[in-house]
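Colleague: Below: one structure in C-alpha cells.
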Amino acid sequence: MKGDLYICSTYHHVMMAVIKTMRTKNPTDIVLCDDIPRLDMLQRSLLSNRCFRHVFIFFRDTSSAEELKALTGKVFFRHRRHRAIVERIFKVDLRRYDHLFIFHDGIELGQYLQDIRVPYYLIEDGLNHFQHIHLTPSRLFLPGKKPVIRFLKYHLNLGYQACGLNRFCISIEVNENNGLLIPSRKITVSPKEQLFRSLTDREKALLVKVFEGEPFKRPSRENSTLIITSPLYDDQYVKTQSQHIEVYRDIAAGLLSQGFEVYIKPHPRDNVDYSVFENTIVLSKDMPLEVFNFHENLFFRKAVSFPSAAIELLDCVAEKEVLPLAYLKRYPGYLNEWVLHGHEDEVLP
C-alpha cells in the first residue's frame with residue numbers, strides 16, 4: 001500500500017489534505033478521526049469527488065483506555081498496551097506508507113505513531129497555531145521546563161511527546177517561522193496564502209463542492225456582515241456559556257440595528273446554538289473559513305471578530321473589524337483572571 005497518508009481530526013485538516021493532494025502525483029489515502037462531526041457525509045463527499053484513493057474512519061475505543069498506575073507499567077508497557085488497543089479496532093497498516101502526515105500528534109493516532117515508532121511529518125493545526133498554542137487546549141502538550149526529563153523522554157521514547165517534540169517527527173510545517181513557542185530545529189515554512197493563491201478555478205470549485213454542505217442564501221454586497229465567533233467560553237476567556245451568548249447576541253443586535261444583514265460563522269470548537277438569535281443566518285461551523293474565498297460571487301461588506309488568525313486570510317470582505325479583547329471589559333465580572341493579566345491583546349486561535 002505505497003503512497004501517502006493524511007491523518008485528520010478537523011475539517012480544516014481535511015481541507016489542507018485535499019489541497020496538498022492536488023499538488024502531488026503520489027496515490028494518497030486519508031484517515032478521518034471521530035472528532036470530526038458528520039463523518040459519514042464527509043467520507044461520501046471525499047470519495048464521490050475522488051479526492052483520495054481510500055477514506056478510512058478511526059473510531060476510538062473509549063472503554064479500554066485504562067491508565068497504567070505503576071511506574072514500571074508506564075515505562076515498559078504503555079506503548080505496547082496502547083498499540084494493542086488501537087490495532088484491535090484499526091486495521092490499516094500505517095508502516096506501509098511512503099509518507100505519513102498528521103496535523104495534531106497529541107491525538108490517539110498521533111500517540112500510536114510513537115507506539116509503532118514510524119517517522120511522520122507534522123503540519124500545524126490551523127494558521128500560525130504554534131504562535132498562539134498557549135491560548136488553546138493544546139497548551140497542555142507544550143514541553144515541560146525540565147531539560148533532563150525532556151531529554152530522557154525524547155531518546156528513550158517514554159510516554160508521549162506531541163508538537164513534533166519526539167524523535168519520530170521528521171519535520172514541522174508552519175505558515176511562518178516567527179514567534180514560535182516550540183523549538184524550531186525541525187521547522188519548514190510553507191505560507192498558506194501562497195498555497196491558496198496557487199489554486200485554479202477548477203480546484204476552488206472542487207473544494208466548495210466538498211465542504212459547503214447545505215447551500216445558503218448569498219449575502220448582499222451592500223449591507224452584509226459576517227460575525228466570526230471565537231470559543232470564548234470553551235477556551236475559558238469568559239466564565240459561563242450564557243456570558244458568551246450575551247456577548248455575541250449584543251454584537252449581532254448592534255449590527256442589525258444598523259441595517260446589516262447578519263451572518264454568523266461559528267468557530268469549529270464553538271458549541272453554542274446560534275439559531276436562537278433572531279434575524280440572523282447561521283452558517284455551518286464545519287466549513288473551513290478559507291473555503292469562503294473559493295466561492296464564486298460570495299462577498300461580505302464587513303467581517304467582525306475578536307483578534308483571530310482566522311480572519312487574516314479572508315479575502316471576500318471589504319472591511320475587517322477586529323474587536324480587542326479589552327472590548328469584553330464592558331461586561332464586568334465576565335473575564336477570567338488569566339485574561340486580565342496581560343492577555344487582552346492576544347490573538348485568539
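Residue numbering restarts at 1 for every chain of the C-alpha cells, chains are lettered A, B, ... in their displayed order, and ligands are numbered from 1 as they appear.
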Fewer than 4 positions away in the same chain doesn't count, so skip those; otherwise give me all residues within 7 Å of A:Phe168, counting only C-alpha atoms, as a compact mmCIF listing (two decimals) with N, CA and C atoms, in the first residue's frame.
Modeller:
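Just written: result.txt:
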```
# COMPACT_ATOMS: atom_id res chain seq x y z
N GLN A 114 3.88 6.95 17.70
CA GLN A 114 5.03 6.79 18.60
C GLN A 114 5.08 5.36 19.16
N ARG A 117 6.68 3.51 16.36
CA ARG A 117 7.98 4.10 16.05
C ARG A 117 8.17 4.33 14.56
N VAL A 118 7.17 4.94 13.91
CA VAL A 118 7.31 5.24 12.48
C VAL A 118 7.54 6.73 12.29
N PRO A 119 8.34 7.12 11.32
CA PRO A 119 8.57 8.53 11.05
C PRO A 119 7.31 9.18 10.47
N TYR A 120 7.09 10.45 10.81
CA TYR A 120 5.93 11.17 10.28
C TYR A 120 6.25 12.65 10.15
```
Colleague: Could you find all residues in stretch 177-303 of chain A that DSSP calls strand (DSSP E or B) from the backbone, and write them as a list of chain:residue names?
Modeller: A:Ile187, A:Thr188, A:Val189, A:Ser224, A:Thr225, A:Leu226, A:Ile227, A:Ile228, A:Val238, A:Glu261, A:Val262, A:Tyr263, A:Ile264, A:Lys265, A:Thr280, A:Ile281, A:Val282, A:Phe300, A:Arg301, A:Lys302, A:Ala303
Colleague: Need to verify the contact set: A:Thr10, 10 Å, only C-alpha atoms, exclusion of same-chain residues closer than 2 positions in sequence. Can you return it as a ChimeraX atom specification?
Modeller: /A:7-8,12-15,32-37,103-104,125-126,268-269,286-288
Colleague: For the residues in the current selection, export N, CA and C atoms as an mmCIF file, in the first residue's frame.
Modeller:
```
data_model
loop_
_atom_site.group_PDB
_atom_site.id
_atom_site.type_symbol
_atom_site.label_atom_id
_atom_site.label_comp_id
_atom_site.auth_asym_id
_atom_site.auth_seq_id
_atom_site.Cartn_x
_atom_site.Cartn_y
_atom_site.Cartn_z
ATOM 1 N N ILE A 7 -3.606 12.021 8.320
ATOM 2 C CA ILE A 7 -4.438 11.727 9.488
ATOM 3 C C ILE A 7 -5.056 13.044 9.950
ATOM 4 N N CYS A 8 -6.393 13.141 9.933
ATOM 5 C CA CYS A 8 -7.091 14.411 10.156
ATOM 6 C C CYS A 8 -8.103 14.289 11.285
ATOM 7 N N HIS A 12 -10.691 21.569 8.895
ATOM 8 C CA HIS A 12 -9.567 22.340 8.359
ATOM 9 C C HIS A 12 -8.431 21.401 7.939
ATOM 10 N N HIS A 13 -8.161 20.391 8.753
ATOM 11 C CA HIS A 13 -7.137 19.414 8.393
ATOM 12 C C HIS A 13 -7.482 18.747 7.062
ATOM 13 N N VAL A 14 -8.742 18.363 6.914
ATOM 14 C CA VAL A 14 -9.159 17.670 5.693
ATOM 15 C C VAL A 14 -9.002 18.587 4.487
ATOM 16 N N MET A 15 -9.398 19.853 4.638
ATOM 17 C CA MET A 15 -9.237 20.806 3.535
ATOM 18 C C MET A 15 -7.769 20.918 3.110
ATOM 19 N N LEU A 32 -10.001 9.769 8.718
ATOM 20 C CA LEU A 32 -10.848 10.742 9.407
ATOM 21 C C LEU A 32 -11.079 10.246 10.828
ATOM 22 N N CYS A 33 -10.613 11.003 11.817
ATOM 23 C CA CYS A 33 -10.829 10.608 13.209
ATOM 24 C C CYS A 33 -12.227 11.011 13.659
ATOM 25 N N ASP A 34 -12.752 10.314 14.655
ATOM 26 C CA ASP A 34 -14.143 10.539 15.042
ATOM 27 C C ASP A 34 -14.360 11.833 15.819
ATOM 28 N N ASP A 35 -13.313 12.682 15.930
ATOM 29 C CA ASP A 35 -13.527 14.036 16.434
ATOM 30 C C ASP A 35 -14.331 14.866 15.440
ATOM 31 N N ILE A 36 -14.300 14.486 14.174
ATOM 32 C CA ILE A 36 -14.945 15.247 13.109
ATOM 33 C C ILE A 36 -16.437 14.924 13.077
ATOM 34 N N PRO A 37 -17.299 15.930 13.138
ATOM 35 C CA PRO A 37 -18.743 15.656 13.054
ATOM 36 C C PRO A 37 -19.157 15.279 11.640
ATOM 37 N N PHE A 103 -1.769 16.422 11.568
ATOM 38 C CA PHE A 103 -1.901 17.838 11.920
ATOM 39 C C PHE A 103 -1.896 18.061 13.431
ATOM 40 N N HIS A 104 -2.190 17.025 14.183
ATOM 41 C CA HIS A 104 -2.239 17.140 15.644
ATOM 42 C C HIS A 104 -1.754 15.810 16.211
ATOM 43 N N ASP A 125 -1.628 22.838 13.165
ATOM 44 C CA ASP A 125 -3.071 22.673 13.356
ATOM 45 C C ASP A 125 -3.751 24.039 13.272
ATOM 46 N N GLY A 126 -3.929 24.573 12.046
ATOM 47 C CA GLY A 126 -4.527 25.892 11.877
ATOM 48 C C GLY A 126 -3.471 26.944 11.602
ATOM 49 N N PRO A 268 -15.051 26.280 14.823
ATOM 50 C CA PRO A 268 -15.261 24.826 14.878
ATOM 51 C C PRO A 268 -15.391 24.264 16.297
ATOM 52 N N ARG A 269 -14.770 24.927 17.287
ATOM 53 C CA ARG A 269 -14.874 24.443 18.668
ATOM 54 C C ARG A 269 -15.919 25.207 19.474
ATOM 55 N N ASP A 286 -18.649 23.664 10.464
ATOM 56 C CA ASP A 286 -17.722 22.669 9.961
ATOM 57 C C ASP A 286 -17.019 23.110 8.683
ATOM 58 N N MET A 287 -17.594 24.065 7.962
ATOM 59 C CA MET A 287 -16.978 24.509 6.721
ATOM 60 C C MET A 287 -15.753 25.368 7.036
ATOM 61 N N PRO A 288 -14.557 24.992 6.575
ATOM 62 C CA PRO A 288 -13.378 25.814 6.842
ATOM 63 C C PRO A 288 -13.575 27.233 6.323
#
```
Colleague: Extract, using only C-alpha atoms, all DNA, RNA and protein residues at most 8 Å from stretch 332-334 of chain A, discarding same-chain residues fewer than 6 positions from it, and format them as a list of chain:residue names.
Modeller: A:Val238, A:Lys239, A:Thr240, A:Gln243
Colleague: Between A:Tyr233, A:Phe196, A:Phe306, A:Phe130, single out the one closest to A:Ile182, counting only C-alpha atoms.
Modeller: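 Closest candidate: A:Phe130.
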Colleague: Would you compute the distance between atom CA of A:Ser48 and atom CA of A:Val18? Give it in Å to one decimal.
Modeller: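 If I compute the distance from atom CA of A:Ser48 to atom CA of A:Val18, I get 13.4 Å.
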Colleague: Tell me, in Å to one decimal, how far atom CA of A:Phe300 is from atom CA of A:Glu222.
Modeller: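 For atom CA of A:Phe300 relative to atom CA of A:Glu222, the distance reads 7.9 Å.
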Colleague: When you draw a straight line from atom CA of A:Val247 to atom CA of A:Ala318, how long is it in Å?
Modeller: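 Between atom CA of A:Val247 and atom CA of A:Ala318 the gap is 24.0 Å.
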Colleague: If you count only C-alpha atoms, which residues fall within 6 Å of A:Asp115, apart from same-chain ones fewer than 3 positions away, as number ranges by chain?
Modeller: A: 79, 83, 112
Colleague: Running DSSP on the backbone, which parts of stretch 126-268 of chain A land in helix (DSSP H, G or I), as a PyMOL selection string?
Modeller: chain A and resi 129-131+133-135+137-141+147-156+192-197+201-211+241-257
Colleague: Please produce a file of the residues just selected, as a PDB file, in the first residue's frame, where the atoms kept are C-alpha atoms.
Modeller:
```
ATOM      1  CA  HIS A 129      -1.022  27.632  15.580  1.00  0.00           C
ATOM      2  CA  PHE A 130       2.367  27.414  17.248  1.00  0.00           C
ATOM      3  CA  GLN A 131       2.458  31.178  17.790  1.00  0.00           C
ATOM      4  CA  ILE A 133      -0.761  27.463  21.155  1.00  0.00           C
ATOM      5  CA  HIS A 134      -0.564  28.770  24.740  1.00  0.00           C
ATOM      6  CA  LEU A 135      -4.111  30.154  24.281  1.00  0.00           C
ATOM      7  CA  PRO A 137      -6.380  23.499  24.747  1.00  0.00           C
ATOM      8  CA  SER A 138      -3.209  22.220  23.028  1.00  0.00           C
ATOM      9  CA  ARG A 139      -1.127  24.240  25.513  1.00  0.00           C
ATOM     10  CA  LEU A 140      -1.179  21.075  27.656  1.00  0.00           C
ATOM     11  CA  PHE A 141       1.081  19.435  25.058  1.00  0.00           C
ATOM     12  CA  PRO A 147      15.521  19.630  30.208  1.00  0.00           C
ATOM     13  CA  VAL A 148      16.754  16.342  31.711  1.00  0.00           C
ATOM     14  CA  ILE A 149      13.261  14.829  31.687  1.00  0.00           C
ATOM     15  CA  ARG A 150      12.672  16.099  28.140  1.00  0.00           C
ATOM     16  CA  PHE A 151      15.989  14.541  27.062  1.00  0.00           C
ATOM     17  CA  LEU A 152      15.109  11.158  28.557  1.00  0.00           C
ATOM     18  CA  LYS A 153      11.596  11.148  27.114  1.00  0.00           C
ATOM     19  CA  TYR A 154      12.952  12.056  23.679  1.00  0.00           C
ATOM     20  CA  HIS A 155      15.712   9.455  23.484  1.00  0.00           C
ATOM     21  CA  LEU A 156      14.050   6.617  25.415  1.00  0.00           C
ATOM     22  CA  LYS A 192      -0.751  29.208   3.352  1.00  0.00           C
ATOM     23  CA  GLU A 193      -1.643  32.398   1.494  1.00  0.00           C
ATOM     24  CA  GLN A 194       0.757  31.411  -1.267  1.00  0.00           C
ATOM     25  CA  LEU A 195      -0.730  27.911  -1.374  1.00  0.00           C
ATOM     26  CA  PHE A 196      -4.309  29.204  -1.585  1.00  0.00           C
ATOM     27  CA  ARG A 197      -3.449  31.700  -4.331  1.00  0.00           C
ATOM     28  CA  ASP A 201     -10.690  27.856 -10.580  1.00  0.00           C
ATOM     29  CA  ARG A 202     -11.383  24.161 -11.051  1.00  0.00           C
ATOM     30  CA  GLU A 203      -9.653  23.283  -7.768  1.00  0.00           C
ATOM     31  CA  LYS A 204     -11.552  26.017  -5.910  1.00  0.00           C
ATOM     32  CA  ALA A 205     -14.852  24.725  -7.283  1.00  0.00           C
ATOM     33  CA  LEU A 206     -13.977  21.222  -6.079  1.00  0.00           C
ATOM     34  CA  LEU A 207     -13.216  22.475  -2.553  1.00  0.00           C
ATOM     35  CA  VAL A 208     -16.553  24.292  -2.416  1.00  0.00           C
ATOM     36  CA  LYS A 209     -18.342  21.180  -3.617  1.00  0.00           C
ATOM     37  CA  VAL A 210     -16.661  19.001  -0.989  1.00  0.00           C
ATOM     38  CA  PHE A 211     -17.091  21.299   2.027  1.00  0.00           C
ATOM     39  CA  GLN A 241     -21.652  29.941  28.315  1.00  0.00           C
ATOM     40  CA  SER A 242     -24.536  32.347  28.989  1.00  0.00           C
ATOM     41  CA  GLN A 243     -21.987  35.181  29.154  1.00  0.00           C
ATOM     42  CA  HIS A 244     -20.541  34.044  25.831  1.00  0.00           C
ATOM     43  CA  ILE A 245     -24.033  34.037  24.314  1.00  0.00           C
ATOM     44  CA  GLU A 246     -24.790  37.514  25.677  1.00  0.00           C
ATOM     45  CA  VAL A 247     -21.625  38.966  24.125  1.00  0.00           C
ATOM     46  CA  TYR A 248     -22.439  37.657  20.656  1.00  0.00           C
ATOM     47  CA  ARG A 249     -26.145  38.437  20.950  1.00  0.00           C
ATOM     48  CA  ASP A 250     -25.228  42.063  21.666  1.00  0.00           C
ATOM     49  CA  ILE A 251     -22.817  42.188  18.713  1.00  0.00           C
ATOM     50  CA  ALA A 252     -25.461  40.773  16.367  1.00  0.00           C
ATOM     51  CA  ALA A 253     -28.158  43.105  17.721  1.00  0.00           C
ATOM     52  CA  GLY A 254     -25.904  46.143  17.231  1.00  0.00           C
ATOM     53  CA  LEU A 255     -25.264  45.224  13.591  1.00  0.00           C
ATOM     54  CA  LEU A 256     -28.936  44.511  12.934  1.00  0.00           C
ATOM     55  CA  SER A 257     -29.862  47.924  14.349  1.00  0.00           C
TER      56      SER A 257
END
```
